[in-house]
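K.L.:
Right, I'll just put the structure down here and ask away after.
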Amino acid sequence: MTTALLTTNVSLNVWLITILVIGGLLAFDFFFHVRKAHEPTLREAAIWSAIYVGLAILFGVVLWVVGGHGMGVDYFQGYILEKALSVDNLFVFVVIIASFSVPRADQQKVLLFGIVFALFARAAFIFLGMAIIDNFTWAFYVFGLILIITAGRLLAPEKEGDDEANNFIIRLAKRFLRTTDHYDGDKLFTIENGRRVLTPMLLVMIAIGGTDILFALDSIPAIYGVTDNVYIVFTATAFSLMGLRQLFFLIDGLLDRLVYLKYGLAIILGFIGVKLILEAMHTNQFSWINDGKPLNVYTFDPYTSLGIIVGVLTVTVVASIVSPKGKMLSAVKSVQRHAHAYLNTAYHADESDRQLHFDKMLASETSLMKFPEDKVQAMMEETGADREVEKARALHAESTD
């Protein structure tokens, strides 16, 4: 903390007030919205999403006025970048929640836990990253390479059989701890056959917590590519996570439409990776590179970087919404998601819950009829959706015989 305070010239009192405000917002979210299980309406989700985005913008404006244009621009760069990465994380949350068949009314608690855990995980990586930057001159080279590799991984085809919900941590929990496949409201523990056991609600939180750590490994090097001011890094990250729960319910049906988001994020992460390496070369201290002298290379100023980030995200979102191929891929992904949820039979509360997923899969298949059949079939094969649908149909036929 001392190193961070010296680096940012932000007083301890400002840090404490900031942390108390963020903690207060999370506590308010829990006690007034999440503690009592319910499915938020579209109006409720829209209002609170707007409020949290408004608070983030207001904080940025205050930071701009008090701290200067540089801090303001860096904050908005970091906030927009982290918000985009957070929306991308929602895709994985959707898969996990569907795989565990979390009741709709209880999904808020799972999402809030994911947000809080993500905030703690990223805070730890933020201060670890600052310590690395302060003590190792090669850190920016490493961070740059991590982001370039991450960008390449985003562009790689998805592997069939990837199941975020059935990860290593979950397998360990099932092997060494007493678990049940049945929910008991939103309880984390319940009594089954006279024994205290873990419910799927706790398992899904473990799964989301594990993926949060993986997300932090990508997002923290990315935002340090925007600024090394740890106060801006922390606040931009925290405010980007605020309202993510409401955003999930607001754009739940639209997530599949953002089919090109990962390509936009790949471009942005690749750009920031190159930017970090160029800046490391511009302030070079390695004796084996140019005799330890800085290299005369081009570096991107904050305004240019902000323009590139906003521009790429705008093009990506618009292309996703208007592209016919994007609409078809969105429909295919919807079919695949419901088939995947149906196949994960262990956590379904009852047969009607499973049947609901199967009916949604059939409805999504019907929506594919408006697209050319040959193109749909090619895309189904490319994504592996055809195999999951075939397995779902076979399993449904067996269960109804």
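By convention here, the chains of the structure tokens are called A, B, ... in the order presented, each chain's residues are numbered starting at 1, and ligands are numbered starting at 1 in the order presented.
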What lies within 10 Å of range 194-196 of chain A using only C-alpha atoms, ignoring chain neighbours under 3 positions off, as a ChimeraX atom specification?
P.N.:
/A:178-180,189-191,199
K.L.:
Excluding Val73 in chain A and any residue of its chain fewer than 3 positions from it, enumerate the residues within 9 Å of it, using only C-alpha atoms, and give them as a PyMOL selection string.
P.N.:
chain A and resi 60+64+68-70+76-78+302-303+306
K.L.:
Do a neighbour search on Ala56 in chain A at 8 Å with only C-alpha atoms, toss out local chain neighbours closer than 3 positions, and write the hits as a PyMOL selection string.
P.N.:
chain A and resi 52-53+59-60+239-240
K.L.:
From the set A:Met242, A:Leu329, A:Leu147, A:Leu395, which residue has the shortest atom-to-atom contact distance to Ile223 in chain A, counting only C-alpha atoms?
P.N.:
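Ranking A:Met242, A:Leu329, A:Leu147, A:Leu395 by distance to Ile223 in chain A, first place goes to A:Leu147.
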K.L.:
Which residues of range 50-85 of chain A have any atom within 12 Å of an atom in range 90-96 of chain A when counting only C-alpha atoms, and what is the closest pair of atoms for each, with the distance in Å to one decimal? Order the rows by chain and rising number and write it as CSV.
P.N.:
```
residue,atom,partner,partner_atom,distance
A:Lys83,CA,A:Leu90,CA,10.7
A:Ala84,CA,A:Leu90,CA,10.1
A:Leu85,CA,A:Leu90,CA,8.9
```
K.L.:
Could you save those same residues with all heavy atoms as a PDB file, in the first residue's frame?
P.N.:
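Okay, this is what ended up in result.pdb:
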```
ATOM      1  N   LYS A  83     -14.748  -2.493 -18.672  1.00  0.00           N
ATOM      2  CA  LYS A  83     -16.178  -2.759 -18.860  1.00  0.00           C
ATOM      3  C   LYS A  83     -16.374  -3.738 -20.013  1.00  0.00           C
ATOM      4  O   LYS A  83     -17.184  -4.678 -19.924  1.00  0.00           O
ATOM      5  CB  LYS A  83     -16.927  -1.458 -19.147  1.00  0.00           C
ATOM      6  CG  LYS A  83     -18.429  -1.557 -18.932  1.00  0.00           C
ATOM      7  CD  LYS A  83     -18.755  -1.741 -17.461  1.00  0.00           C
ATOM      8  CE  LYS A  83     -20.248  -1.657 -17.183  1.00  0.00           C
ATOM      9  NZ  LYS A  83     -20.539  -1.841 -15.748  1.00  0.00           N
ATOM     10  N   ALA A  84     -15.625  -3.533 -21.098  1.00  0.00           N
ATOM     11  CA  ALA A  84     -15.728  -4.445 -22.240  1.00  0.00           C
ATOM     12  C   ALA A  84     -15.280  -5.850 -21.856  1.00  0.00           C
ATOM     13  O   ALA A  84     -15.912  -6.845 -22.228  1.00  0.00           O
ATOM     14  CB  ALA A  84     -14.897  -3.918 -23.408  1.00  0.00           C
ATOM     15  N   LEU A  85     -14.194  -5.942 -21.106  1.00  0.00           N
ATOM     16  CA  LEU A  85     -13.718  -7.253 -20.657  1.00  0.00           C
ATOM     17  C   LEU A  85     -14.720  -7.894 -19.699  1.00  0.00           C
ATOM     18  O   LEU A  85     -14.915  -9.117 -19.729  1.00  0.00           O
ATOM     19  CB  LEU A  85     -12.361  -7.106 -19.965  1.00  0.00           C
ATOM     20  CG  LEU A  85     -11.176  -6.772 -20.879  1.00  0.00           C
ATOM     21  CD1 LEU A  85      -9.946  -6.409 -20.050  1.00  0.00           C
ATOM     22  CD2 LEU A  85     -10.861  -7.925 -21.814  1.00  0.00           C
TER      23      LEU A  85
END
```
K.L.:
Quick one: DSSP strand (DSSP E) residues in range 182-354 of chain A, as number ranges by chain?
P.N.:
A: 189-192, 195-198
K.L.:
Among range 14-103 of chain A, which ones does DSSP place in alpha helix (DSSP H), written as number ranges by chain?
P.N.:
A: 14-29, 42-67, 69-99
K.L.:
Find, counting only C-alpha atoms, the residue in A:Ser320, A:Thr400, A:Asn89, A:Asn296 that gets nearest to Asp212 in chain A.
P.N.:
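Closest candidate: A:Asn89.
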K.L.:
Per residue of range 175-294 of chain A within 9 Å of range 106-124 of chain A, note the shortest atom pair and the distance in Å to one decimal, counting only C-alpha atoms, and order the rows by chain and increasing residue number, as a tab-separated table.
P.N.:
```
residue	atom	partner	partner_atom	distance
A:Gly185	CA	A:Asp106	CA	7.7
A:Asp186	CA	A:Asp106	CA	6.1
A:Met201	CA	A:Val110	CA	7.7
A:Leu202	CA	A:Val110	CA	8.9
A:Val204	CA	A:Val110	CA	7.5
A:Met205	CA	A:Val110	CA	6.2
A:Ile208	CA	A:Gly114	CA	5.9
A:Gly209	CA	A:Gly114	CA	6.2
A:Thr211	CA	A:Ala118	CA	9.0
A:Asp212	CA	A:Ala118	CA	5.2
A:Ile213	CA	A:Ala121	CA	6.1
A:Phe215	CA	A:Ala118	CA	8.3
A:Ala216	CA	A:Arg122	CA	5.3
A:Leu217	CA	A:Arg122	CA	8.2
A:Ser219	CA	A:Arg122	CA	8.2
A:Ile220	CA	A:Arg122	CA	6.9
A:Phe234	CA	A:Ala123	CA	6.7
A:Thr237	CA	A:Leu119	CA	7.7
A:Ala238	CA	A:Leu119	CA	6.3
A:Leu241	CA	A:Ile115	CA	6.2
A:Met242	CA	A:Ile115	CA	7.7
A:Leu244	CA	A:Ile115	CA	7.4
A:Arg245	CA	A:Leu111	CA	5.7
A:Gln246	CA	A:Gln108	CA	8.4
A:Phe248	CA	A:Leu111	CA	8.5
A:Phe249	CA	A:Gln108	CA	8.9
```
